[in-house]
Amino acid sequence: MKFVSRSGWGARGPKSVTRLSSARGVKVHYVGSPVTSVPAVKCATGCRNKIRAIQRQHMDGNGWSDIAYNLLVCEHGVVWEGRGARVMSAANGPGLNSGHYAVCALIGSKGLTEPTDALLDGLRDAIEYLRKYGAGNEIKGHRDGYSTSCPGPQLYAWVKAGAPRPKSTNPTEAMVKKLPLLKKGSKGVHVKTMHYLLLARDYAGLDGVDDMTFTGAHEAGIRGLQKAAGIDVDGLVGNDTWAVLLRVA
Ligand SMILES: [Zn+2]
Ligand SMILES: [Zn+2]
């Protein structure tokens, strides 16, 4: 999880803090008003400024004791500490807020309205983080139990689906899906890639072996690798085997 603490974004101190020992779960919110997308390279300043502006609005505009949300998640998947864990949301006071932690996604009603995969991943990180601090299993949208459009149609649908982690956000996984299935007799640059990945793993059986053709020597190496990794030993290089070949640690 990419996490920025309150001090990391220069939060003002809260006017008051109400401790919350546990909660039934997490409620997901969105910013609601128009939100402008920030390029990934500007996250550290652009998203930070958005968080600071929300705190300013909540404290000076709404008169609340602090930024309302326990955590906030930007479109780049960074989890920003708001009130933090074990503290009641700063909006409105007790009542609804005492039941759930509040997590806000930095998307809005105009401009940036579509949650990115990185944002959904970050929201999931935020929910799992809060579960370590007393949040129960419920995941709801602000509109559950309150008349509001929050958290917007897309995020609400995601919440209703059980807030799943998006599938293709792991870059290795995404790359692996584009690689072809290789087997004995395959030829070409992907065989060459496999050849040198086997060499990089100190597989000794490739002396003088053609690096552009999938030979019996490669197959033996792949079987050894598959056995060591605990995956199906079939001598074929498909998604699971590519993932093992490409794994760094
Ligand atoms: Zn809300
Ligand atoms: Zn960001």
# chains A, B, ... in the order shown; residues from 1 in each chain; ligands from 1
>>> select_by_dssp(residues="stretch 6-224 of chain A", states="alpha helix (DSSP H)", output="PyMOL selection string")
chain A and resi 6-9+48-56+117-131+153-160+171-178+189-200+216-224
>>> residues_near_ligand(ligand="ligand 1", cutoff="12 Å", atoms="only C-alpha atoms and all ligand atoms", output="VMD selection string")
chain A and resid 26 to 33 68 to 69 72 89 91 to 92 96 to 97 100 to 109 140 to 152 155 to 156
>>> residues_near_ligand(ligand="ligand 2", cutoff="8 Å", atoms="only C-alpha atoms and all ligand atoms", output="ChimeraX atom specification")
/A:38,40,42-44,46-48,73-78
>>> residues_around(residues="A:Gly134", least_positions_apart="3", cutoff="12 Å", atoms="only C-alpha atoms", output="MDAnalysis selection string")
chainID A and resid 19:26 85:88 99:101 127:131 137:138
>>> write_last_selection(atoms="N, CA and C atoms", output="PDB file, in the first residue's frame")
ATOM      1  N   ARG A  19     -12.523   9.143  19.854  1.00  0.00           N
ATOM      2  CA  ARG A  19     -11.985   7.817  19.578  1.00  0.00           C
ATOM      3  C   ARG A  19     -13.108   6.867  19.164  1.00  0.00           C
ATOM      4  N   LEU A  20     -12.748   5.910  18.335  1.00  0.00           N
ATOM      5  CA  LEU A  20     -13.704   4.906  17.875  1.00  0.00           C
ATOM      6  C   LEU A  20     -12.986   3.568  18.019  1.00  0.00           C
ATOM      7  N   SER A  21     -13.477   2.721  18.923  1.00  0.00           N
ATOM      8  CA  SER A  21     -12.719   1.483  19.179  1.00  0.00           C
ATOM      9  C   SER A  21     -12.985   0.456  18.099  1.00  0.00           C
ATOM     10  N   SER A  22     -14.198   0.469  17.525  1.00  0.00           N
ATOM     11  CA  SER A  22     -14.492  -0.462  16.441  1.00  0.00           C
ATOM     12  C   SER A  22     -15.623   0.107  15.608  1.00  0.00           C
ATOM     13  N   ALA A  23     -15.828  -0.450  14.433  1.00  0.00           N
ATOM     14  CA  ALA A  23     -16.891   0.008  13.546  1.00  0.00           C
ATOM     15  C   ALA A  23     -17.463  -1.202  12.824  1.00  0.00           C
ATOM     16  N   ARG A  24     -18.700  -1.060  12.324  1.00  0.00           N
ATOM     17  CA  ARG A  24     -19.301  -2.201  11.630  1.00  0.00           C
ATOM     18  C   ARG A  24     -18.609  -2.460  10.299  1.00  0.00           C
ATOM     19  N   GLY A  25     -17.973  -1.420   9.779  1.00  0.00           N
ATOM     20  CA  GLY A  25     -17.316  -1.585   8.484  1.00  0.00           C
ATOM     21  C   GLY A  25     -16.879  -0.243   7.946  1.00  0.00           C
ATOM     22  N   VAL A  26     -16.910  -0.147   6.624  1.00  0.00           N
ATOM     23  CA  VAL A  26     -16.395   1.035   5.943  1.00  0.00           C
ATOM     24  C   VAL A  26     -17.460   1.564   4.993  1.00  0.00           C
ATOM     25  N   ALA A  85      -7.112   5.860  11.545  1.00  0.00           N
ATOM     26  CA  ALA A  85      -7.853   4.739  12.131  1.00  0.00           C
ATOM     27  C   ALA A  85      -8.170   5.019  13.589  1.00  0.00           C
ATOM     28  N   ARG A  86      -9.176   4.329  14.088  1.00  0.00           N
ATOM     29  CA  ARG A  86      -9.597   4.416  15.500  1.00  0.00           C
ATOM     30  C   ARG A  86     -10.110   5.806  15.896  1.00  0.00           C
ATOM     31  N   VAL A  87     -10.508   6.601  14.895  1.00  0.00           N
ATOM     32  CA  VAL A  87     -11.063   7.926  15.173  1.00  0.00           C
ATOM     33  C   VAL A  87     -12.391   8.033  14.428  1.00  0.00           C
ATOM     34  N   MET A  88     -13.373   8.675  15.044  1.00  0.00           N
ATOM     35  CA  MET A  88     -14.663   8.852  14.382  1.00  0.00           C
ATOM     36  C   MET A  88     -14.564   9.894  13.278  1.00  0.00           C
ATOM     37  N   GLY A  99     -20.964   4.308  13.158  1.00  0.00           N
ATOM     38  CA  GLY A  99     -21.086   2.920  12.703  1.00  0.00           C
ATOM     39  C   GLY A  99     -20.024   2.486  11.720  1.00  0.00           C
ATOM     40  N   HIS A 100     -19.507   3.444  10.964  1.00  0.00           N
ATOM     41  CA  HIS A 100     -18.605   3.077   9.872  1.00  0.00           C
ATOM     42  C   HIS A 100     -17.446   4.056   9.742  1.00  0.00           C
ATOM     43  N   TYR A 101     -16.321   3.519   9.393  1.00  0.00           N
ATOM     44  CA  TYR A 101     -15.223   4.371   8.947  1.00  0.00           C
ATOM     45  C   TYR A 101     -15.585   4.962   7.582  1.00  0.00           C
ATOM     46  N   ILE A 127      -9.526  -0.255   2.824  1.00  0.00           N
ATOM     47  CA  ILE A 127     -10.503  -1.069   3.565  1.00  0.00           C
ATOM     48  C   ILE A 127      -9.768  -2.127   4.394  1.00  0.00           C
ATOM     49  N   GLU A 128      -8.780  -2.765   3.781  1.00  0.00           N
ATOM     50  CA  GLU A 128      -8.048  -3.817   4.495  1.00  0.00           C
ATOM     51  C   GLU A 128      -7.236  -3.224   5.651  1.00  0.00           C
ATOM     52  N   TYR A 129      -6.701  -2.044   5.431  1.00  0.00           N
ATOM     53  CA  TYR A 129      -5.962  -1.347   6.493  1.00  0.00           C
ATOM     54  C   TYR A 129      -6.894  -1.078   7.684  1.00  0.00           C
ATOM     55  N   LEU A 130      -8.100  -0.563   7.403  1.00  0.00           N
ATOM     56  CA  LEU A 130      -9.024  -0.229   8.490  1.00  0.00           C
ATOM     57  C   LEU A 130      -9.525  -1.476   9.219  1.00  0.00           C
ATOM     58  N   ARG A 131      -9.571  -2.582   8.500  1.00  0.00           N
ATOM     59  CA  ARG A 131      -9.973  -3.836   9.156  1.00  0.00           C
ATOM     60  C   ARG A 131      -8.960  -4.247  10.217  1.00  0.00           C
ATOM     61  N   ASN A 137     -16.747  -6.261   8.640  1.00  0.00           N
ATOM     62  CA  ASN A 137     -16.715  -6.646   7.223  1.00  0.00           C
ATOM     63  C   ASN A 137     -17.636  -5.862   6.306  1.00  0.00           C
ATOM     64  N   GLU A 138     -18.524  -5.031   6.867  1.00  0.00           N
ATOM     65  CA  GLU A 138     -19.458  -4.315   5.988  1.00  0.00           C
ATOM     66  C   GLU A 138     -18.726  -3.329   5.077  1.00  0.00           C
TER      67      GLU A 138
END
>>> residues_around(residues="A:Lys187", least_positions_apart="3", cutoff="12 Å", atoms="only C-alpha atoms", output="ChimeraX atom specification")
/A:180-184,190-195,210-215,218
>>> residues_around(residues="A:Leu245", least_positions_apart="5", cutoff="12 Å", atoms="only C-alpha atoms", output="number ranges by chain")
A: 172, 176, 179, 193-203, 221-226, 228-229, 237-240
>>> write_last_selection(atoms="N, CA and C atoms", output="mmCIF file, in the first residue's frame")
data_model
loop_
_atom_site.group_PDB
_atom_site.id
_atom_site.type_symbol
_atom_site.label_atom_id
_atom_site.label_comp_id
_atom_site.auth_asym_id
_atom_site.auth_seq_id
_atom_site.Cartn_x
_atom_site.Cartn_y
_atom_site.Cartn_z
ATOM 1 N N THR A 172 3.233 -7.222 -13.949
ATOM 2 C CA THR A 172 3.784 -8.492 -14.438
ATOM 3 C C THR A 172 2.666 -9.329 -15.048
ATOM 4 N N VAL A 176 2.399 -10.647 -18.792
ATOM 5 C CA VAL A 176 2.382 -12.094 -19.024
ATOM 6 C C VAL A 176 1.232 -12.487 -19.948
ATOM 7 N N LEU A 179 2.054 -12.525 -23.583
ATOM 8 C CA LEU A 179 3.101 -13.408 -24.099
ATOM 9 C C LEU A 179 2.484 -14.690 -24.665
ATOM 10 N N THR A 193 13.868 -14.906 -25.408
ATOM 11 C CA THR A 193 13.639 -14.323 -24.078
ATOM 12 C C THR A 193 13.660 -15.424 -23.014
ATOM 13 N N MET A 194 12.929 -16.499 -23.297
ATOM 14 C CA MET A 194 12.880 -17.624 -22.345
ATOM 15 C C MET A 194 14.275 -18.207 -22.125
ATOM 16 N N HIS A 195 15.018 -18.366 -23.246
ATOM 17 C CA HIS A 195 16.377 -18.921 -23.197
ATOM 18 C C HIS A 195 17.240 -18.138 -22.189
ATOM 19 N N TYR A 196 17.216 -16.812 -22.330
ATOM 20 C CA TYR A 196 18.086 -16.006 -21.463
ATOM 21 C C TYR A 196 17.548 -15.874 -20.036
ATOM 22 N N LEU A 197 16.247 -16.008 -19.871
ATOM 23 C CA LEU A 197 15.707 -16.039 -18.506
ATOM 24 C C LEU A 197 16.113 -17.326 -17.796
ATOM 25 N N LEU A 198 16.184 -18.440 -18.555
ATOM 26 C CA LEU A 198 16.673 -19.696 -17.956
ATOM 27 C C LEU A 198 18.143 -19.557 -17.581
ATOM 28 N N LEU A 199 18.921 -18.941 -18.483
ATOM 29 C CA LEU A 199 20.344 -18.727 -18.181
ATOM 30 C C LEU A 199 20.503 -17.839 -16.948
ATOM 31 N N ALA A 200 19.676 -16.812 -16.859
ATOM 32 C CA ALA A 200 19.757 -15.885 -15.717
ATOM 33 C C ALA A 200 19.453 -16.606 -14.410
ATOM 34 N N ARG A 201 18.722 -17.741 -14.533
ATOM 35 C CA ARG A 201 18.413 -18.540 -13.336
ATOM 36 C C ARG A 201 19.420 -19.668 -13.149
ATOM 37 N N ASP A 202 20.592 -19.522 -13.814
ATOM 38 C CA ASP A 202 21.686 -20.478 -13.654
ATOM 39 C C ASP A 202 21.338 -21.879 -14.136
ATOM 40 N N TYR A 203 20.440 -21.983 -15.100
ATOM 41 C CA TYR A 203 20.173 -23.295 -15.675
ATOM 42 C C TYR A 203 21.345 -23.646 -16.593
ATOM 43 N N GLY A 221 14.785 -27.770 -18.826
ATOM 44 C CA GLY A 221 14.976 -26.625 -17.920
ATOM 45 C C GLY A 221 13.655 -26.105 -17.387
ATOM 46 N N ILE A 222 12.678 -26.018 -18.269
ATOM 47 C CA ILE A 222 11.353 -25.513 -17.866
ATOM 48 C C ILE A 222 10.694 -26.468 -16.866
ATOM 49 N N ARG A 223 10.834 -27.764 -17.140
ATOM 50 C CA ARG A 223 10.251 -28.743 -16.192
ATOM 51 C C ARG A 223 10.873 -28.607 -14.804
ATOM 52 N N GLY A 224 12.181 -28.416 -14.767
ATOM 53 C CA GLY A 224 12.866 -28.228 -13.478
ATOM 54 C C GLY A 224 12.370 -26.982 -12.760
ATOM 55 N N LEU A 225 12.204 -25.925 -13.537
ATOM 56 C CA LEU A 225 11.717 -24.652 -12.983
ATOM 57 C C LEU A 225 10.292 -24.809 -12.437
ATOM 58 N N GLN A 226 9.459 -25.495 -13.217
ATOM 59 C CA GLN A 226 8.057 -25.691 -12.814
ATOM 60 C C GLN A 226 7.975 -26.507 -11.529
ATOM 61 N N ALA A 228 10.310 -26.779 -9.213
ATOM 62 C CA ALA A 228 10.815 -25.966 -8.099
ATOM 63 C C ALA A 228 9.778 -24.936 -7.640
ATOM 64 N N ALA A 229 8.970 -24.429 -8.611
ATOM 65 C CA ALA A 229 7.997 -23.391 -8.281
ATOM 66 C C ALA A 229 6.673 -23.966 -7.781
ATOM 67 N N VAL A 237 5.468 -23.351 -21.791
ATOM 68 C CA VAL A 237 5.605 -22.018 -21.194
ATOM 69 C C VAL A 237 4.323 -21.233 -21.467
ATOM 70 N N GLY A 238 3.392 -21.323 -20.511
ATOM 71 C CA GLY A 238 2.146 -20.549 -20.570
ATOM 72 C C GLY A 238 2.196 -19.452 -19.517
ATOM 73 N N ASN A 239 1.030 -18.885 -19.194
ATOM 74 C CA ASN A 239 0.976 -17.746 -18.261
ATOM 75 C C ASN A 239 1.671 -18.006 -16.926
ATOM 76 N N ASP A 240 1.369 -19.177 -16.325
ATOM 77 C CA ASP A 240 1.930 -19.449 -14.993
ATOM 78 C C ASP A 240 3.450 -19.560 -15.049
#
>>> select_by_dssp(residues="stretch 43-228 of chain A", states="strand (DSSP E)", output="ChimeraX atom specification")
/A:71-73,79-81,100-108,135-141
>>> residues_around(residues="A:Phe3", least_positions_apart="3", cutoff="9 Å", atoms="only C-alpha atoms", output="ChimeraX atom specification")
/A:78-81
>>> write_last_selection(atoms="C-alpha atoms", output="PDB file, in the first residue's frame")
ATOM      1  CA  VAL A  78      -2.180   6.410  -2.980  1.00  0.00           C
ATOM      2  CA  VAL A  79      -3.906   6.113   0.419  1.00  0.00           C
ATOM      3  CA  TRP A  80      -3.855   9.457   2.244  1.00  0.00           C
ATOM      4  CA  GLU A  81      -4.424   9.452   5.996  1.00  0.00           C
TER       5      GLU A  81
END
>>> atom_distance(atom1="atom CA of A:Trp158", atom2="atom CA of A:Asn49")
26.8 Å
>>> closest_residue(among="A:Ile67, A:Val248, A:Leu112, A:Ala220", to="A:Asp234", atoms="only C-alpha atoms")
A:Ala220
